$ cat entry.txt   # compact mmCIF, C-alpha atoms and all ligand atoms
# COMPACT_ATOMS: atom_id res chain seq x y z
CA MET A 23 -45.36 112.32 2.02
CA LYS A 24 -44.74 116.02 2.66
CA ILE A 25 -41.31 117.60 2.13
CA LEU A 26 -40.24 121.08 3.24
CA VAL A 27 -37.53 122.66 1.07
CA ILE A 28 -35.61 125.38 2.91
CA ASN A 29 -33.24 127.81 1.21
CA GLY A 30 -30.97 130.18 3.09
CA PRO A 31 -29.47 133.60 2.36
CA ASN A 32 -28.86 134.95 -1.14
CA LEU A 33 -30.46 131.95 -2.83
CA ASN A 34 -33.38 134.24 -3.74
CA PHE A 35 -30.77 135.92 -6.01
CA LEU A 36 -30.14 132.78 -8.06
CA GLY A 37 -29.81 133.77 -11.72
CA ILE A 38 -28.32 137.11 -10.66
CA ARG A 39 -25.60 136.08 -8.18
CA GLU A 40 -22.36 134.63 -9.53
CA PRO A 41 -23.89 132.83 -12.55
CA GLY A 42 -20.53 131.21 -13.27
CA ILE A 43 -20.92 129.27 -10.01
CA TYR A 44 -24.69 128.94 -9.53
CA GLY A 45 -25.93 129.06 -13.14
CA LYS A 46 -28.32 131.37 -14.98
CA ASN A 47 -31.58 129.80 -13.87
CA THR A 48 -33.50 131.97 -11.42
CA PHE A 49 -34.92 131.27 -7.98
CA ALA A 50 -38.42 131.40 -9.53
CA ASP A 51 -37.27 128.69 -11.97
CA LEU A 52 -36.11 126.57 -9.02
CA LEU A 53 -39.48 126.94 -7.27
CA GLN A 54 -41.28 125.80 -10.44
CA MET A 55 -38.94 122.82 -10.74
CA LEU A 56 -39.55 121.83 -7.10
CA GLN A 57 -43.30 121.72 -7.69
CA ALA A 58 -42.88 119.76 -10.95
CA TRP A 59 -40.56 117.22 -9.28
CA GLY A 60 -42.95 116.92 -6.35
CA GLY A 61 -45.76 116.11 -8.80
CA GLU A 62 -43.64 113.49 -10.56
CA LEU A 63 -42.65 111.85 -7.28
CA GLY A 64 -46.10 112.09 -5.74
CA VAL A 65 -44.88 114.15 -2.78
CA GLU A 66 -46.29 117.40 -1.47
CA VAL A 67 -43.64 120.14 -1.53
CA GLU A 68 -43.66 123.29 0.58
CA GLN A 69 -40.86 125.80 0.11
CA TYR A 70 -39.39 128.48 2.36
CA GLN A 71 -36.57 130.96 1.80
CA SER A 72 -35.08 133.48 4.18
CA ASN A 73 -31.96 135.59 4.49
CA HIS A 74 -32.26 135.50 8.31
CA GLU A 75 -30.82 132.80 10.54
CA GLY A 76 -33.51 133.03 13.24
CA ASP A 77 -36.29 132.81 10.65
CA LEU A 78 -34.72 129.61 9.31
CA VAL A 79 -34.63 128.21 12.87
CA ASP A 80 -38.30 129.21 13.35
CA LYS A 81 -39.30 127.43 10.12
CA ILE A 82 -37.45 124.25 11.11
CA GLN A 83 -39.27 124.31 14.48
CA TRP A 84 -42.58 124.96 12.69
CA ALA A 85 -41.99 121.78 10.67
CA TYR A 86 -42.11 119.57 13.79
CA GLY A 87 -45.04 117.17 13.43
CA LYS A 88 -46.03 118.67 10.07
CA VAL A 89 -43.59 117.31 7.47
CA ASP A 90 -41.95 113.96 6.81
CA GLY A 91 -38.68 115.25 5.43
CA ILE A 92 -36.60 118.41 5.00
CA VAL A 93 -34.37 119.38 2.07
CA ILE A 94 -32.15 122.23 3.22
CA ASN A 95 -29.62 124.46 1.53
CA PRO A 96 -28.58 126.68 4.42
CA ALA A 97 -26.25 128.59 2.03
CA ALA A 98 -23.63 130.62 3.93
CA TYR A 99 -25.16 129.60 7.29
CA THR A 100 -24.04 126.05 6.50
CA HIS A 101 -20.55 127.04 7.50
CA THR A 102 -21.37 129.10 10.61
CA SER A 103 -24.70 128.21 12.21
CA VAL A 104 -24.81 126.02 15.30
CA ALA A 105 -28.40 127.32 15.76
CA ILE A 106 -29.56 125.68 12.51
CA LEU A 107 -27.70 122.47 13.44
CA ASP A 108 -29.42 122.44 16.84
CA ALA A 109 -32.85 123.13 15.31
CA LEU A 110 -32.48 120.19 12.90
CA LYS A 111 -31.42 117.98 15.81
CA ALA A 112 -34.30 119.25 17.96
CA VAL A 113 -37.05 118.37 15.49
CA SER A 114 -35.37 115.13 14.42
CA ILE A 115 -37.02 115.19 10.97
CA PRO A 116 -35.01 113.32 8.32
CA ALA A 117 -33.08 116.02 6.46
CA VAL A 118 -30.92 116.12 3.34
CA GLU A 119 -28.36 118.91 2.85
CA VAL A 120 -28.05 120.32 -0.68
CA HIS A 121 -25.44 122.62 -2.21
CA ILE A 122 -25.77 123.76 -5.81
CA SER A 123 -22.02 124.24 -6.18
CA ASP A 124 -19.29 121.76 -5.34
CA VAL A 125 -18.34 123.28 -2.00
CA ASP A 126 -15.43 120.83 -1.64
CA ALA A 127 -13.72 122.39 -4.65
CA ARG A 128 -14.06 125.96 -3.31
CA GLU A 129 -12.57 127.94 -0.40
CA PRO A 130 -11.57 125.90 2.68
CA PHE A 131 -14.21 127.61 4.87
CA ARG A 132 -16.95 126.13 2.64
CA GLN A 133 -15.77 122.63 3.46
CA ILE A 134 -17.07 122.90 7.03
CA SER A 135 -20.78 122.12 7.45
CA TYR A 136 -22.51 122.42 10.81
CA ALA A 137 -26.00 121.73 9.44
CA GLY A 138 -24.67 118.66 7.65
CA LEU A 139 -23.92 117.05 11.03
CA ALA A 140 -27.69 116.72 11.56
CA CYS A 141 -28.48 115.57 8.01
CA LYS A 142 -28.84 111.99 6.83
CA HIS A 143 -27.36 112.70 3.42
CA THR A 144 -25.59 115.48 1.47
CA ILE A 145 -25.70 116.30 -2.24
CA LYS A 146 -23.25 118.87 -3.62
CA GLY A 147 -22.20 120.13 -7.01
CA GLN A 148 -25.24 118.85 -8.91
CA GLY A 149 -26.78 122.25 -9.69
CA PHE A 150 -30.54 122.58 -9.23
CA ASP A 151 -30.92 118.84 -9.88
CA GLY A 152 -29.45 118.27 -6.40
CA TYR A 153 -32.82 119.27 -4.92
CA ARG A 154 -34.57 116.63 -7.04
CA GLN A 155 -32.01 114.03 -6.01
CA ALA A 156 -32.58 114.96 -2.35
CA MET A 157 -36.35 114.52 -2.71
CA VAL A 158 -35.85 111.15 -4.44
CA TRP A 159 -33.52 110.08 -1.60
CA LEU A 160 -36.03 111.10 1.09
CA LYS A 161 -38.89 109.36 -0.67
CA LYS A 162 -36.84 106.19 -1.09
CA HIS A 163 -35.75 106.07 2.56
CA TYR A 164 -38.69 107.66 4.39
CA GLY A 165 -41.70 107.62 2.01
CA THR A 166 -44.67 105.40 2.73
CA PRO A 167 -44.67 102.43 0.37
CA SER A 168 -47.66 102.42 -2.02
CA PRO A 169 -50.26 99.84 -0.98
CA THR A 170 -50.00 96.56 -2.90
CA PRO A 171 -53.11 96.17 -5.11
CA VAL A 172 -55.37 93.36 -3.91
CA GLU A 173 -56.09 90.81 -6.65
CA GLY A 174 -59.58 89.51 -7.39
C1 LIG B 1 -24.18 127.14 -1.38
C2 LIG B 1 -22.68 127.12 -1.05
C3 LIG B 1 -22.40 128.05 0.11
O1 LIG B 1 -21.00 128.00 0.44
C4 LIG B 1 -22.75 129.47 -0.26
O2 LIG B 1 -22.54 130.33 0.84
C5 LIG B 1 -24.13 129.60 -0.80
C6 LIG B 1 -24.67 128.56 -1.66
C7 LIG B 1 -24.50 126.28 -2.63
O3 LIG B 1 -25.67 126.02 -2.83
O4 LIG B 1 -23.59 125.91 -3.38
O5 LIG B 1 -24.78 130.62 -0.61
O6 LIG B 1 -24.89 126.59 -0.30
$ encode --input "entry.txt" --output "structure tokens" --more "lines below"
Ligand code: DQA
Amino acid sequence: MKILVINGPNLNFLGIREPGIYGKNTFADLLQMLQAWGGELGVEVEQYQSNHEGDLVDKIQWAYGKVDGIVINPAAYTHTSVAILDALKAVSIPAVEVHISDVDAREPFRQISYAGLACKHTIKGQGFDGYRQAMVWLKKHYGTPSPTPVEG
């Protein structure tokens, strides 16, 4: 199984931006964790980050026919981008929305998610572990079952 992990704007500043909300671990730490979790789960992980809405749309379109699942934290574009929603609908790849912080406990505008309308599942407020939980969820629901060993 191959999973594409997409991160939107300002997530490359993890560890620097608002550590009281997003924690002190850096974006580089997150990328290392993604690869480690992929290894543990036996899934191939590709990651992509951009601060630009159109680039995120391009990457979602690129994924068509190439990956089995998408984990996406669209960051601020979650709350504004119909283009990202439409791209996720267009490719129809099973997607899980992740937010590091508990967006429901923050400003009212963070409680609207356009991208989430095209996602099968949402994980919020779990810190970096939310990405692992999203990969586990995708593997459980969309991974290929391991072949049953033949006896004798
Ligand atoms: C975020 C929450 C968004 O509201 C915010 O704009 C982000 C990060 C999160 O991971 O908690 O940039 O998606």
$ atom_distance --input "entry.txt" --atom1 "atom CA of Met55 of chain A" --atom2 "atom CA of Thr100 of chain A"
23.0 Å
$ residues_near_ligand --input "entry.txt" --ligand "ligand LIG 1 (chain B)" --cutoff "8 Å" --atoms "all atoms listed in the file" --output "mmCIF file with C-alpha atoms, in the coordinates of the input"
data_model
loop_
_atom_site.group_PDB
_atom_site.id
_atom_site.type_symbol
_atom_site.label_atom_id
_atom_site.label_comp_id
_atom_site.auth_asym_id
_atom_site.auth_seq_id
_atom_site.Cartn_x
_atom_site.Cartn_y
_atom_site.Cartn_z
ATOM 1 C CA GLY A 30 -30.970 130.180 3.090
ATOM 2 C CA PRO A 31 -29.470 133.600 2.360
ATOM 3 C CA ASN A 32 -28.860 134.950 -1.140
ATOM 4 C CA LEU A 33 -30.460 131.950 -2.830
ATOM 5 C CA ILE A 43 -20.920 129.270 -10.010
ATOM 6 C CA TYR A 44 -24.690 128.940 -9.530
ATOM 7 C CA ASN A 95 -29.620 124.460 1.530
ATOM 8 C CA PRO A 96 -28.580 126.680 4.420
ATOM 9 C CA ALA A 97 -26.250 128.590 2.030
ATOM 10 C CA ALA A 98 -23.630 130.620 3.930
ATOM 11 C CA TYR A 99 -25.160 129.600 7.290
ATOM 12 C CA THR A 100 -24.040 126.050 6.500
ATOM 13 C CA HIS A 101 -20.550 127.040 7.500
ATOM 14 C CA VAL A 120 -28.050 120.320 -0.680
ATOM 15 C CA HIS A 121 -25.440 122.620 -2.210
ATOM 16 C CA ILE A 122 -25.770 123.760 -5.810
ATOM 17 C CA SER A 123 -22.020 124.240 -6.180
ATOM 18 C CA ASP A 124 -19.290 121.760 -5.340
ATOM 19 C CA VAL A 125 -18.340 123.280 -2.000
ATOM 20 C CA ARG A 132 -16.950 126.130 2.640
ATOM 21 C CA LYS A 146 -23.250 118.870 -3.620
ATOM 22 C CA GLY A 147 -22.200 120.130 -7.010
ATOM 23 C CA GLY A 149 -26.780 122.250 -9.690
#
$ atom_distance --input "entry.txt" --atom1 "atom CA of Ala156 of chain A" --atom2 "atom CA of Gln54 of chain A"
16.1 Å
$ closest_residue --input "entry.txt" --among "A:Asp90, A:Glu129, A:Glu66, A:Asp77" --to "Ala105 of chain A" --atoms "only C-alpha atoms"
A:Asp77
$ closest_residue --input "entry.txt" --among "A:Ile28, A:Leu36, A:Ile134, A:Ile82" --to "Leu56 of chain A" --atoms "all atoms listed in the file"
A:Ile28
$ residues_around --input "entry.txt" --residues "Tyr70 of chain A" --least-positions-apart "4" --cutoff "9 Å" --atoms "only C-alpha atoms" --output "ChimeraX atom specification"
/A:26-30,78,81
$ write_last_selection --input "entry.txt" --atoms "C-alpha atoms" --output "PDB file, in the coordinates of the input"
ATOM      1  CA  LEU A  26     -40.240 121.080   3.240  1.00  0.00           C
ATOM      2  CA  VAL A  27     -37.530 122.660   1.070  1.00  0.00           C
ATOM      3  CA  ILE A  28     -35.610 125.380   2.910  1.00  0.00           C
ATOM      4  CA  ASN A  29     -33.240 127.810   1.210  1.00  0.00           C
ATOM      5  CA  GLY A  30     -30.970 130.180   3.090  1.00  0.00           C
ATOM      6  CA  LEU A  78     -34.720 129.610   9.310  1.00  0.00           C
ATOM      7  CA  LYS A  81     -39.300 127.430  10.120  1.00  0.00           C
TER       8      LYS A  81
END
